[in-house]
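Visitor: Provided herewith: final31.pdb, PDB, C-alpha atoms.
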```
MODEL        1
ATOM      1  CA  MET A 211     -17.032  11.508 -14.792
ATOM      2  CA  ASP A 212     -14.190   9.281 -13.551
ATOM      3  CA  ARG A 213     -13.506   9.220  -9.818
ATOM      4  CA  SER A 214     -10.022  10.617 -10.382
ATOM      5  CA  GLU A 215     -11.022  13.667 -12.428
ATOM      6  CA  LYS A 216     -11.739  16.011  -9.508
ATOM      7  CA  LEU A 217      -8.382  15.139  -7.962
ATOM      8  CA  PHE A 218      -6.791  15.646 -11.383
ATOM      9  CA  SER A 219      -8.259  19.161 -11.643
ATOM     10  CA  ILE A 220      -6.705  20.150  -8.302
ATOM     11  CA  LEU A 221      -3.307  18.444  -8.395
ATOM     12  CA  PHE A 222      -2.156  17.697 -11.942
ATOM     13  CA  ASP A 223      -1.012  21.230 -12.794
ATOM     14  CA  VAL A 224       0.859  21.378  -9.483
ATOM     15  CA  SER A 225       2.606  18.050 -10.056
ATOM     16  CA  PRO A 226       1.466  15.037 -12.110
ATOM     17  CA  THR A 227       3.555  12.861  -9.792
ATOM     18  CA  LEU A 228       1.705  14.240  -6.777
ATOM     19  CA  PHE A 229      -1.586  13.457  -8.517
ATOM     20  CA  THR A 230      -0.648   9.792  -9.055
ATOM     21  CA  GLU A 231       0.615   9.381  -5.486
ATOM     22  CA  ALA A 232      -2.457  10.974  -3.889
ATOM     23  CA  GLY A 233      -4.595   8.856  -6.203
ATOM     24  CA  ARG A 234      -3.315   5.698  -4.531
ATOM     25  CA  ILE A 235      -4.975   6.825  -1.311
ATOM     26  CA  ARG A 236      -8.220   7.581  -3.123
ATOM     27  CA  ALA A 237      -8.045   4.157  -4.766
ATOM     28  CA  GLY A 238      -8.377   2.672  -1.267
ATOM     29  CA  THR A 239      -5.201   0.577  -1.377
ATOM     30  CA  THR A 240      -3.486   2.534   1.409
ATOM     31  CA  ASN A 241      -4.258   5.151   4.037
ATOM     32  CA  CYS A 242      -0.863   6.791   3.692
ATOM     33  CA  VAL A 243       1.881   7.386   1.125
ATOM     34  CA  LEU A 244       5.442   8.606   1.538
ATOM     35  CA  LEU A 245       6.049  11.750  -0.502
ATOM     36  CA  GLN A 246       9.591  11.371  -1.774
ATOM     37  CA  GLN A 247      11.615  14.358  -3.016
ATOM     38  CA  PHE A 248       8.895  16.910  -2.314
ATOM     39  CA  PHE A 249       9.378  20.058  -0.193
ATOM     40  CA  GLU A 250      13.138  20.073  -0.819
ATOM     41  CA  GLU A 251      13.971  23.446   0.757
ATOM     42  CA  PRO A 252      12.303  22.690   4.129
ATOM     43  CA  SER A 253      13.997  19.278   4.029
ATOM     44  CA  ILE A 254      17.442  20.870   3.727
ATOM     45  CA  ILE A 255      16.737  23.219   6.629
ATOM     46  CA  ALA A 256      15.459  20.325   8.752
ATOM     47  CA  ARG A 257      18.582  18.260   8.059
ATOM     48  CA  GLU A 258      20.791  21.168   9.114
ATOM     49  CA  LEU A 259      18.840  21.691  12.326
ATOM     50  CA  LEU A 260      18.850  18.001  13.202
ATOM     51  CA  SER A 261      22.563  17.566  12.478
ATOM     52  CA  ARG A 262      23.318  20.516  14.753
ATOM     53  CA  GLU A 263      21.128  19.212  17.573
ATOM     54  CA  ILE A 264      21.613  15.445  17.268
ATOM     55  CA  GLY A 265      23.613  15.314  20.515
ATOM     56  CA  SER A 266      21.007  17.266  22.436
ATOM     57  CA  TYR A 267      20.123  16.001  25.893
ATOM     58  CA  ASP A 268      16.459  16.433  24.990
ATOM     59  CA  LEU A 269      16.402  14.944  21.508
ATOM     60  CA  LYS A 270      12.673  14.305  21.701
ATOM     61  CA  LYS A 271      12.008  18.021  22.160
ATOM     62  CA  THR A 272      14.455  18.883  19.365
ATOM     63  CA  VAL A 273      12.709  16.539  16.942
ATOM     64  CA  ARG A 274       9.304  17.971  17.810
ATOM     65  CA  ASN A 275      10.571  21.539  17.313
ATOM     66  CA  VAL A 276      12.116  20.695  13.930
ATOM     67  CA  GLU A 277       8.914  19.012  12.734
ATOM     68  CA  ASN A 278       6.861  22.032  13.820
ATOM     69  CA  GLN A 279       9.222  24.406  11.997
ATOM     70  CA  VAL A 280       9.017  22.326   8.831
ATOM     71  CA  LYS A 281       5.217  22.232   9.020
ATOM     72  CA  ARG A 282       5.114  26.027   9.252
ATOM     73  CA  ARG A 283       7.384  26.305   6.204
ATOM     74  CA  ILE A 284       5.404  23.965   3.958
ATOM     75  CA  LYS A 285       1.953  25.371   4.775
ATOM     76  CA  PRO A 286       2.247  28.416   2.451
ATOM     77  CA  THR A 287       3.480  26.301  -0.499
ATOM     78  CA  LEU A 288       1.293  25.502  -3.497
ATOM     79  CA  PRO A 289       1.633  21.691  -3.147
ATOM     80  CA  TYR A 290       0.525  21.808   0.498
ATOM     81  CA  LYS A 291      -2.378  24.180  -0.199
ATOM     82  CA  SER A 292      -3.532  22.062  -3.138
ATOM     83  CA  LEU A 293      -3.349  18.826  -1.157
ATOM     84  CA  ASN A 294      -5.231  20.465   1.696
ATOM     85  CA  LYS A 295      -7.932  21.612  -0.729
ATOM     86  CA  ALA A 296      -8.240  18.034  -1.992
ATOM     87  CA  GLY A 297      -8.814  16.739   1.553
ATOM     88  CA  PHE A 298      -5.312  15.570   2.455
ATOM     89  CA  GLU A 299      -2.888  16.304   5.269
ATOM     90  CA  VAL A 300       0.919  16.323   5.031
ATOM     91  CA  LEU A 301       2.766  15.152   8.146
ATOM     92  CA  PRO A 302       6.504  15.911   8.456
ATOM     93  CA  SER A 303       8.341  13.281  10.501
ATOM     94  CA  ALA A 304      12.021  13.384  11.434
ATOM     95  CA  MET A 305      14.096  10.237  10.966
ATOM     96  CA  ILE A 306      16.910  10.085  13.503
ATOM     97  CA  LEU A 307      17.912   6.413  13.342
ATOM     98  CA  ASN A 308      19.863   5.314  10.286
ATOM     99  CA  ARG A 309      18.149   2.267   8.783
ATOM    100  CA  ILE A 310      21.099   1.239   6.611
ATOM    101  CA  SER A 311      24.608   1.836   7.951
ATOM    102  CA  LYS A 312      26.862   3.635  10.408
ATOM    103  CA  PRO A 313      26.769   6.250  11.835
ATOM    104  CA  TYR A 314      23.666   5.085  13.613
ATOM    105  CA  PHE A 315      22.016   8.465  13.868
ATOM    106  CA  ALA A 316      20.450  10.136  10.850
ATOM    107  CA  CYS A 317      19.237  13.632  10.082
ATOM    108  CA  GLU A 318      16.351  13.336   7.642
ATOM    109  CA  ILE A 319      12.777  14.525   7.362
ATOM    110  CA  PHE A 320      10.050  12.446   5.718
ATOM    111  CA  PHE A 321       6.669  13.681   4.512
ATOM    112  CA  TYR A 322       3.677  11.388   4.914
ATOM    113  CA  LEU A 323       0.443  12.072   3.045
ATOM    114  CA  CYS A 324      -2.935  10.876   4.287
ATOM    115  CA  SER A 325      -6.610  11.802   4.127
ATOM    116  CA  LYS A 326      -7.558  14.267   6.842
ATOM    117  CA  ASP A 327      -9.828  11.715   8.526
ATOM    118  CA  LYS A 328      -6.902   9.271   8.884
ATOM    119  CA  THR A 329      -4.470  11.758  10.435
ATOM    120  CA  LYS A 330      -4.754  10.528  14.033
ATOM    121  CA  GLY A 331      -4.048   6.910  13.104
ATOM    122  CA  VAL A 332      -1.034   7.846  10.992
ATOM    123  CA  ILE A 333       0.392  10.088  13.730
ATOM    124  CA  LYS A 334      -0.006   7.246  16.223
ATOM    125  CA  LYS A 335       2.154   4.935  14.087
ATOM    126  CA  LEU A 336       4.725   7.653  13.415
ATOM    127  CA  ASN A 337       4.992   8.216  17.173
ATOM    128  CA  ARG A 338       5.587   4.487  17.672
ATOM    129  CA  ILE A 339       8.474   4.693  15.209
ATOM    130  CA  LYS A 340       9.884   7.763  16.939
ATOM    131  CA  LYS A 341       9.712   6.079  20.331
ATOM    132  CA  ILE A 342      11.728   3.122  19.024
ATOM    133  CA  GLU A 343      14.304   5.471  17.491
ATOM    134  CA  LEU A 344      14.723   7.512  20.664
ATOM    135  CA  ASN A 345      14.953   4.456  22.903
ATOM    136  CA  THR A 346      17.545   2.881  20.615
ATOM    137  CA  LEU A 347      19.755   5.936  20.317
ATOM    138  CA  ASN A 348      19.563   6.648  24.039
ATOM    139  CA  ALA A 349      20.193  10.332  23.302
ATOM    140  CA  SER A 350      21.661  11.238  26.693
ATOM    141  CA  ASN A 351      24.589   8.848  26.058
ATOM    142  CA  LEU A 352      24.732   8.953  22.279
ATOM    143  CA  TYR A 353      28.518   9.166  22.100
ATOM    144  CA  GLU A 354      29.597   7.628  25.417
ATOM    145  CA  ASN A 355      27.410   4.535  24.990
ATOM    146  CA  PRO A 356      27.181   3.637  21.259
ATOM    147  CA  VAL A 357      24.303   1.567  19.947
ATOM    148  CA  GLN A 358      24.990  -2.162  19.886
ATOM    149  CA  GLU A 359      24.667  -3.810  16.471
ATOM    150  CA  ASP A 360      22.097  -6.383  17.622
ATOM    151  CA  ASP A 361      19.929  -3.727  19.261
ATOM    152  CA  LEU A 362      20.114  -1.617  16.122
ATOM    153  CA  ILE A 363      18.990  -4.448  13.848
ATOM    154  CA  LYS A 364      16.104  -5.374  16.152
ATOM    155  CA  SER A 365      14.929  -1.760  16.222
ATOM    156  CA  ILE A 366      15.205  -1.343  12.458
ATOM    157  CA  ILE A 367      13.167  -4.504  11.913
ATOM    158  CA  LYS A 368      10.422  -3.179  14.203
ATOM    159  CA  ILE A 369      10.446   0.139  12.353
ATOM    160  CA  ASN A 370      10.400  -1.521   8.917
ATOM    161  CA  ARG A 371       7.315  -3.497   9.912
ATOM    162  CA  ILE A 372       5.444  -0.453  11.215
ATOM    163  CA  GLU A 373       6.397   1.557   8.124
ATOM    164  CA  GLY A 374       5.246  -1.231   5.831
ATOM    165  CA  GLU A 375       1.876  -1.431   7.580
ATOM    166  CA  LEU A 376       1.561   2.362   7.548
ATOM    167  CA  LEU A 377       2.151   2.513   3.785
ATOM    168  CA  GLY A 378      -0.286  -0.290   2.976
ATOM    169  CA  TYR A 379       2.261  -2.844   1.795
ATOM    170  CA  PRO A 380       1.132  -6.500   1.594
ATOM    171  CA  GLU A 381       1.857  -8.522   4.728
ATOM    172  CA  CYS A 382       3.831 -11.125   2.775
ATOM    173  CA  CYS A 383       6.108  -8.400   1.386
ATOM    174  CA  ILE A 384       6.671  -6.822   4.803
ATOM    175  CA  SER A 385       7.483 -10.199   6.368
ATOM    176  CA  GLU A 386       9.923 -11.170   3.619
ATOM    177  CA  PHE A 387      11.689  -7.812   3.801
ATOM    178  CA  VAL A 388      12.179  -7.921   7.583
ATOM    179  CA  LYS A 389      13.164 -11.609   7.436
ATOM    180  CA  ASP A 390      15.949 -10.808   4.984
ATOM    181  CA  LYS A 391      16.984  -7.840   7.111
ATOM    182  CA  ALA A 392      17.211 -10.064  10.200
ATOM    183  CA  GLU A 393      19.334 -12.582   8.296
ATOM    184  CA  GLY A 394      21.654  -9.900   6.954
ATOM    185  CA  LYS A 395      20.468 -10.340   3.366
ATOM    186  CA  HIS A 396      19.903  -7.524   0.884
ATOM    187  CA  HIS A 397      16.284  -7.870  -0.209
ATOM    188  CA  GLU A 398      16.722  -5.029  -2.696
ATOM    189  CA  THR A 399      19.310  -6.973  -4.703
ATOM    190  CA  LYS A 400      17.085 -10.064  -4.733
ATOM    191  CA  ILE A 401      14.285  -8.103  -6.412
ATOM    192  CA  ALA A 402      16.734  -6.484  -8.831
ATOM    193  CA  MET A 403      17.962  -9.946  -9.834
ATOM    194  CA  GLU A 404      14.394 -11.109 -10.492
ATOM    195  CA  CYS A 405      13.961  -8.126 -12.796
ATOM    196  CA  LEU A 406      17.234  -8.818 -14.597
ATOM    197  CA  GLN A 407      16.490 -12.524 -15.042
ATOM    198  CA  ILE A 408      13.404 -11.895 -17.148
ATOM    199  CA  ASP A 409      14.641  -8.607 -18.616
ATOM    200  CA  GLU A 410      11.475  -6.745 -17.629
ATOM    201  CA  PHE A 411      13.222  -3.484 -18.418
ATOM    202  CA  GLU A 412      12.898  -3.831 -22.189
ATOM    203  CA  VAL A 413       9.210  -2.830 -22.228
ATOM    204  CA  ALA A 414       9.810  -0.073 -19.670
ATOM    205  CA  ILE A 415      12.688   1.449 -21.657
ATOM    206  CA  ASP A 416      10.592   1.408 -24.835
ATOM    207  CA  CYS A 417       7.719   3.206 -23.072
ATOM    208  CA  PHE A 418      10.132   5.676 -21.507
ATOM    209  CA  LEU A 419      11.665   6.603 -24.859
ATOM    210  CA  ASN A 420       8.246   6.694 -26.523
ATOM    211  CA  PRO A 421       5.638   8.103 -24.064
ATOM    212  CA  ASP A 422       2.843   7.590 -26.622
ATOM    213  CA  LYS A 423       3.281   3.828 -26.263
ATOM    214  CA  VAL A 424       2.169   3.791 -22.623
ATOM    215  CA  LYS A 425      -1.525   3.954 -23.532
ATOM    216  CA  GLU A 426      -1.095   1.202 -26.163
ATOM    217  CA  THR A 427       1.066  -1.168 -24.134
ATOM    218  CA  GLU A 428      -0.463  -4.001 -22.140
ATOM    219  CA  PHE A 429       1.901  -4.390 -19.220
ATOM    220  CA  PRO A 430       2.759  -7.877 -17.964
ATOM    221  CA  ASP A 431       1.167  -8.574 -14.579
ATOM    222  CA  PHE A 432       4.423  -8.345 -12.654
ATOM    223  CA  PHE A 433       4.804  -4.684 -13.672
ATOM    224  CA  TYR A 434       1.953  -3.885 -11.294
ATOM    225  CA  SER A 435       3.896  -5.178  -8.281
ATOM    226  CA  HIS A 436       5.946  -1.971  -8.647
ATOM    227  CA  PHE A 437       2.970   0.122  -7.569
ATOM    228  CA  THR A 438       5.139   2.797  -5.932
ATOM    229  CA  GLN A 439       8.773   3.813  -5.980
ATOM    230  CA  ASN A 440      11.269   2.319  -3.575
ATOM    231  CA  PHE A 441       8.940  -0.566  -2.660
ATOM    232  CA  TYR A 442      10.377  -4.065  -2.741
ATOM    233  CA  PRO A 443       7.743  -6.823  -2.974
ATOM    234  CA  CYS A 444       8.430 -10.319  -1.697
ATOM    235  CA  SER A 445       8.608 -11.196  -5.398
ATOM    236  CA  ILE A 446       7.786  -9.253  -8.555
ATOM    237  CA  TYR A 447       5.142 -11.950  -9.114
ATOM    238  CA  CYS A 448       3.462 -11.313  -5.726
ATOM    239  CA  LYS A 449      -0.289 -11.557  -6.336
ATOM    240  CA  ASP A 450      -1.130  -9.178  -3.491
ATOM    241  CA  ALA A 451       1.261  -6.507  -4.782
ATOM    242  CA  VAL A 452       0.012  -6.952  -8.360
ATOM    243  CA  LYS A 453      -3.582  -6.592  -7.136
ATOM    244  CA  ILE A 454      -2.738  -3.290  -5.440
ATOM    245  CA  GLY A 455      -1.167  -1.964  -8.639
ATOM    246  CA  LYS A 456      -4.153  -2.979 -10.756
ATOM    247  CA  THR A 457      -6.641  -1.540  -8.249
ATOM    248  CA  ASN A 458      -4.751   1.744  -8.340
ATOM    249  CA  GLU A 459      -4.826   1.757 -12.137
ATOM    250  CA  GLU A 460      -8.575   1.079 -12.171
ATOM    251  CA  TYR A 461      -9.207   4.127  -9.966
ATOM    252  CA  PHE A 462      -7.638   6.456 -12.538
ATOM    253  CA  GLY A 463     -10.197   5.461 -15.191
ATOM    254  CA  ARG A 464      -9.596   7.254 -18.484
ATOM    255  CA  LEU A 465      -6.439   8.753 -16.931
ATOM    256  CA  ARG A 466      -4.977   5.325 -16.205
ATOM    257  CA  LYS A 467      -2.179   5.866 -18.727
ATOM    258  CA  LEU A 468      -0.740   8.419 -16.277
ATOM    259  CA  TYR A 469      -0.504   5.789 -13.559
ATOM    260  CA  GLY A 470       0.958   3.452 -16.188
ATOM    261  CA  GLY A 471       3.681   6.033 -16.755
ATOM    262  CA  ARG A 472       4.349   6.112 -13.040
ATOM    263  CA  ILE A 473       4.759   2.324 -13.033
ATOM    264  CA  VAL A 474       7.234   2.574 -15.931
ATOM    265  CA  LEU A 475       9.379   4.940 -13.859
ATOM    266  CA  ASN A 476       9.091   2.709 -10.782
ATOM    267  CA  VAL A 477      10.370  -0.243 -12.818
ATOM    268  CA  LEU A 478      13.209   1.825 -14.282
ATOM    269  CA  TYR A 479      14.219   2.910 -10.777
ATOM    270  CA  HIS A 480      15.381  -0.672 -10.201
ATOM    271  CA  LEU A 481      17.313  -0.580 -13.470
ATOM    272  CA  ALA A 482      19.008   2.672 -12.451
ATOM    273  CA  THR A 483      20.035   1.435  -8.997
ATOM    274  CA  SER A 484      21.380  -1.809 -10.490
ATOM    275  CA  TYR A 485      23.363   0.179 -13.050
ATOM    276  CA  VAL A 486      24.860   2.396 -10.325
ATOM    277  CA  SER A 487      25.938  -0.767  -8.468
ATOM    278  CA  TYR A 488      27.505  -2.029 -11.697
ATOM    279  CA  LYS A 489      29.390   1.257 -12.218
ATOM    280  CA  ILE A 490      30.715   1.227  -8.656
ATOM    281  CA  MET A 491      31.817  -2.390  -9.079
ATOM    282  CA  ILE A 492      33.780  -1.478 -12.218
ATOM    283  CA  GLU A 493      35.244   1.794 -10.944
ATOM    284  CA  ARG A 494      36.410   0.279  -7.648
ATOM    285  CA  ASN A 495      37.503  -2.983  -9.237
ATOM    286  CA  LEU A 496      35.463  -4.929  -6.687
ATOM    287  CA  GLY A 497      35.418  -8.178  -8.625
ATOM    288  CA  ILE A 498      32.543 -10.485  -9.514
ATOM    289  CA  ASN A 499      32.452 -12.403  -6.249
ATOM    290  CA  THR A 500      28.716 -12.464  -5.503
ATOM    291  CA  GLU A 501      25.678 -13.723  -7.375
ATOM    292  CA  TYR A 502      24.310 -10.186  -7.651
ATOM    293  CA  ARG A 503      27.521  -8.783  -9.102
ATOM    294  CA  LYS A 504      27.600 -11.560 -11.677
ATOM    295  CA  PHE A 505      24.013 -10.792 -12.663
ATOM    296  CA  ILE A 506      24.563  -7.080 -13.131
ATOM    297  CA  SER A 507      27.896  -7.638 -14.867
ATOM    298  CA  ASP A 508      26.391 -10.065 -17.385
ATOM    299  CA  TYR A 509      23.337  -7.880 -17.919
ATOM    300  CA  PHE A 510      25.008  -4.548 -18.543
ATOM    301  CA  ASN A 511      27.959  -6.001 -20.446
ATOM    302  CA  GLY A 512      25.428  -7.571 -22.798
ATOM    303  CA  MET A 513      23.240  -4.485 -23.178
ATOM    304  CA  ASP A 514      23.067  -2.672 -26.495
ATOM    305  CA  SER A 515      25.579   0.211 -26.364
ATOM    306  CA  GLU A 516      22.985   2.801 -27.368
ATOM    307  CA  LEU A 517      20.603   1.725 -24.603
ATOM    308  CA  LEU A 518      23.477   1.595 -22.130
ATOM    309  CA  SER A 519      24.307   5.191 -22.991
ATOM    310  CA  ILE A 520      20.687   6.218 -22.342
ATOM    311  CA  VAL A 521      20.648   4.452 -18.971
ATOM    312  CA  ASP A 522      23.900   6.186 -18.047
ATOM    313  CA  LYS A 523      22.427   9.592 -18.898
ATOM    314  CA  VAL A 524      19.144   9.210 -17.006
ATOM    315  CA  LYS A 525      20.229   7.125 -14.006
ATOM    316  CA  ASP A 526      20.641  10.104 -11.672
ATOM    317  CA  LEU A 527      17.301  11.567 -12.727
ATOM    318  CA  LEU A 528      15.558   8.248 -12.062
ATOM    319  CA  ILE A 529      17.069   7.986  -8.590
ATOM    320  CA  TYR A 530      17.536  11.526  -7.323
ATOM    321  CA  SER A 531      15.146  13.685  -9.378
ATOM    322  CA  THR A 532      12.332  11.258  -9.968
ATOM    323  CA  ASN A 533       9.571  13.824  -9.387
ATOM    324  CA  GLU A 534      10.966  16.346 -11.871
ATOM    325  CA  LEU A 535      11.491  13.598 -14.430
ATOM    326  CA  GLY A 536       8.083  12.112 -13.631
ATOM    327  CA  ASP A 537       6.289  15.417 -14.050
ATOM    328  CA  VAL A 538       7.816  15.980 -17.502
ATOM    329  CA  TYR A 539       7.200  12.376 -18.565
ATOM    330  CA  LEU A 540       3.582  12.229 -17.376
ATOM    331  CA  ARG A 541       2.761  15.503 -19.117
ATOM    332  CA  LYS A 542       4.152  14.061 -22.361
ATOM    333  CA  ILE A 543       1.942  11.000 -21.914
ATOM    334  CA  LEU A 544      -1.149  13.155 -21.393
ATOM    335  CA  MET A 545      -0.411  15.223 -24.496
ATOM    336  CA  GLY A 546       0.274  12.128 -26.620
TER     337      GLY A 546
ENDMDL
END
```
For the structure just supplied, provide its representation as structure tokens.

Guide:
Amino acid sequence: MDRSEKLFSILFDVSPTLFTEAGRIRAGTTNCVLLQQFFEEPSIIARELLSREIGSYDLKKTVRNVENQVKRRIKPTLPYKSLNKAGFEVLPSAMILNRISKPYFACEIFFYLCSKDKTKGVIKKLNRIKKIELNTLNASNLYENPVQEDDLIKSIIKINRIEGELLGYPECCISEFVKDKAEGKHHETKIAMECLQIDEFEVAIDCFLNPDKVKETEFPDFFYSHFTQNFYPCSIYCKDAVKIGKTNEEYFGRLRKLYGGRIVLNVLYHLATSYVSYKIMIERNLGINTEYRKFISDYFNGMDSELLSIVDKVKDLLIYSTNELGDVYLRKILMG
């Protein structure tokens, strides 16, 4: 019996995507994963509560109350109960400092998954992040004394590093990401350009359109650097990132084609975000005045019209409904 089969029996029917994400912890490549686009209803409620209370004079207490409310709401749900049965804990954590742009405060809730025996260590790192956020926002003077740009960037870099360590990302990838952030560079576009240069999307699109091909396709090594969604390696050729992806795949044993399907979607996520950038560039007539814009312009202008139409249709699913899409796609792979 493969190591992953017990986990499969508990989680797959709940969500194939949840099964592949929890499997990364069982593979031993990380102690914690970020559950993206799960528990949507509690997330909406949390955002409303945080947005209403963001100017509170006791923001720390507000955040703690919101997290406790969210935890109470997710406990009766099937995903939470199933994860708990499998030996995992789900930790809601409010994000109150915008990592990307103004306004500097944010109103989001993240869900971190870890094994029950790792809960204390994960909470400790989440509390470090929260302390940085609260100190940076200086809640008692949030509007009278706005955050200075330099202070914001320094805080975000500290948070990015802690988050990277928490999620088991390779040190080289964390360092490169925060280095680019400090220098005002967009690391995400650099990785997208690497993907576009070698056209790694061709294999991924073929597997996406034909789920049966996942089990037959031998992925190039650099596919494995996309071992989870919304992760940006120092390079798609990063040996440490590739090793993590391959170790994860090995854990799934005879079910490895399911993790292969997850990798396909992770790769296509970069295609979708690049295409959205291309569409915005065209619609707003921004001009081809950067290296990235030239890359995406050349790539999508040269893409087969039929494929371009497919990308246009699924882009929002790949970015905003990745779990729903992933669940359908992974079930098709299993049945194939």

Visitor: Can you pull out every residue within 10 Å of Gln246 of chain A, counting all atoms listed in the file, but drop anything in the same chain fewer than 2 positions away, and send it as an MDAnalysis selection string?

Guide: chainID A and resid 228 231 243:244 248:250 320:322 439:440 530:533

Visitor: Could you pull the residues within 10 Å of segment 340-342 of chain A, counting only C-alpha atoms, minus those fewer than 2 positions along the same chain, as a ChimeraX atom specification?

Guide: /A:270,273,303-307,334-338,344-348,364-366,368-369

Visitor: Which polymer residues, whether protein, DNA or RNA, lie within 8 Å of the coordinate (22.7, -7.4, -7.9) when you count all atoms listed in the file? List them as a list in words, using the chain letters and numbers from the file.

Guide: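 Every residue inside that radius is included here: Thr399, Lys400, Ala402, Met403, Ser484, Ser487, Glu501, Tyr502, Arg503, Lys504, Phe505 and Ile506 of chain A.
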
Visitor: Could you write out that same residue set with C-alpha atoms as a CSV table (one decimal), in the coordinates of the input?

Guide:
```csv
chain,number,residue,atom,x,y,z
A,399,THR,CA,19.3,-7.0,-4.7
A,400,LYS,CA,17.1,-10.1,-4.7
A,402,ALA,CA,16.7,-6.5,-8.8
A,403,MET,CA,18.0,-9.9,-9.8
A,484,SER,CA,21.4,-1.8,-10.5
A,487,SER,CA,25.9,-0.8,-8.5
A,501,GLU,CA,25.7,-13.7,-7.4
A,502,TYR,CA,24.3,-10.2,-7.7
A,503,ARG,CA,27.5,-8.8,-9.1
A,504,LYS,CA,27.6,-11.6,-11.7
A,505,PHE,CA,24.0,-10.8,-12.7
A,506,ILE,CA,24.6,-7.1,-13.1
```

Visitor: Which distance in Å separates atom CA of Gly378 of chain A and atom CA of Thr240 of chain A, to one decimal?

Guide: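 Spanning atom CA of Gly378 of chain A to atom CA of Thr240 of chain A is a straight-line distance of 4.5 Å.
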
Visitor: Choose the residue, out of A:Met491, A:Ala414, A:Ile498, A:Ile454, that has the smallest atom-to-atom separation from Val521 of chain A; count all atoms listed in the file.

Guide: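 Of A:Met491, A:Ala414, A:Ile498, A:Ile454, the one nearest Val521 of chain A is A:Ala414, counting all atoms listed in the file.
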
Visitor: Just want the 8 Å neighbourhood of Gly463 of chain A, counted on only C-alpha atoms, with same-chain residues fewer than 4 positions away dropped. Output as a list of chain:residue names.

Guide: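 In the requested form, the answer reads A:Asp212, A:Arg213, A:Ser214, A:Glu459.
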
Visitor: As a compact mmCIF listing (two decimals) with C-alpha atoms, in the frame of the given file, please: the residues near Thr329 of chain A (cut-off 10 Å, all atoms listed in the file, same-chain neighbours under 4 positions excluded).

Guide:
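Listing of out18.txt after writing:
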```txt
# COMPACT_ATOMS: atom_id res chain seq x y z
CA ASN A 241 -4.26 5.15 4.04
CA CYS A 242 -0.86 6.79 3.69
CA PHE A 298 -5.31 15.57 2.46
CA GLU A 299 -2.89 16.30 5.27
CA VAL A 300 0.92 16.32 5.03
CA LEU A 301 2.77 15.15 8.15
CA TYR A 322 3.68 11.39 4.91
CA LEU A 323 0.44 12.07 3.04
CA CYS A 324 -2.94 10.88 4.29
CA SER A 325 -6.61 11.80 4.13
CA ILE A 333 0.39 10.09 13.73
CA LYS A 334 -0.01 7.25 16.22
```

Visitor: Using all atoms listed in the file, can you tell me which of A:Pro443, A:Gly512, A:Pro286, A:Gly394 comes closest to Glu359 of chain A?

Guide: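 Once distances to Glu359 of chain A are computed over all atoms listed in the file, the minimum belongs to A:Gly394.
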
Visitor: As a check of understanding, name the residues that the PyMOL selection byres ((chain A and resi 258) around 12) selects in the supplied structure, as number ranges by chain.

Guide: A: 251-257, 259-264, 276, 280, 304, 316-319

Visitor: Output C-alpha atoms of each residue in that selection to a file, as a compact mmCIF listing (two decimals), keeping the file's coordinate frame.

Guide:
```
# COMPACT_ATOMS: atom_id res chain seq x y z
CA GLU A 251 13.97 23.45 0.76
CA PRO A 252 12.30 22.69 4.13
CA SER A 253 14.00 19.28 4.03
CA ILE A 254 17.44 20.87 3.73
CA ILE A 255 16.74 23.22 6.63
CA ALA A 256 15.46 20.32 8.75
CA ARG A 257 18.58 18.26 8.06
CA LEU A 259 18.84 21.69 12.33
CA LEU A 260 18.85 18.00 13.20
CA SER A 261 22.56 17.57 12.48
CA ARG A 262 23.32 20.52 14.75
CA GLU A 263 21.13 19.21 17.57
CA ILE A 264 21.61 15.44 17.27
CA VAL A 276 12.12 20.70 13.93
CA VAL A 280 9.02 22.33 8.83
CA ALA A 304 12.02 13.38 11.43
CA ALA A 316 20.45 10.14 10.85
CA CYS A 317 19.24 13.63 10.08
CA GLU A 318 16.35 13.34 7.64
CA ILE A 319 12.78 14.52 7.36
```

Visitor: Give me the box for segment 211-225 of chain A as lines of an AutoDock Vina configuration file, namely the centre and edge lengths in Å to one decimal of a box along x, y and z that holds every listed atom plus 3 Å on each side.

Guide:
```
center_x = -7.2
center_y = 15.3
center_z = -11.4
size_x = 25.6
size_y = 18.2
size_z = 12.8
```

Visitor: Running the PyMOL selection byres ((chain A and resi 462) around 10) on this model by hand, what would come out? Give it as an NGL selection string.

Guide: :A and (212-215 or 217-218 or 230 or 233-234 or 236-237 or 457-461 or 463-470)

Visitor: Using all atoms listed in the file, which residues sit within 10 Å of Ile446 of chain A once same-chain residues fewer than 5 positions away are excluded, as a CSV table (one decimal) with C-alpha atoms, in the frame of the given file?

Guide:
```
chain,number,residue,atom,x,y,z
A,401,ILE,CA,14.3,-8.1,-6.4
A,402,ALA,CA,16.7,-6.5,-8.8
A,404,GLU,CA,14.4,-11.1,-10.5
A,405,CYS,CA,14.0,-8.1,-12.8
A,431,ASP,CA,1.2,-8.6,-14.6
A,432,PHE,CA,4.4,-8.3,-12.7
A,433,PHE,CA,4.8,-4.7,-13.7
A,434,TYR,CA,2.0,-3.9,-11.3
A,435,SER,CA,3.9,-5.2,-8.3
A,436,HIS,CA,5.9,-2.0,-8.6
A,451,ALA,CA,1.3,-6.5,-4.8
A,452,VAL,CA,0.0,-7.0,-8.4
```

Visitor: If I take atom CA of Ile363 of chain A and atom CA of Cys383 of chain A, how far is one from the other in Å, to one decimal?

Guide: 18.4 Å

Visitor: Report, in Å with one decimal, the straight-line distance from atom CA of Glu428 of chain A to atom CA of Leu475 of chain A.

Guide: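 It comes out at 15.7 Å.
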
Visitor: Pick from A:Tyr485, A:Ile543, A:Thr227, A:Ile284: nearest to Leu406 of chain A, with only C-alpha atoms counted?

Guide: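 So, comparing all the options, the nearest one is A:Tyr485.
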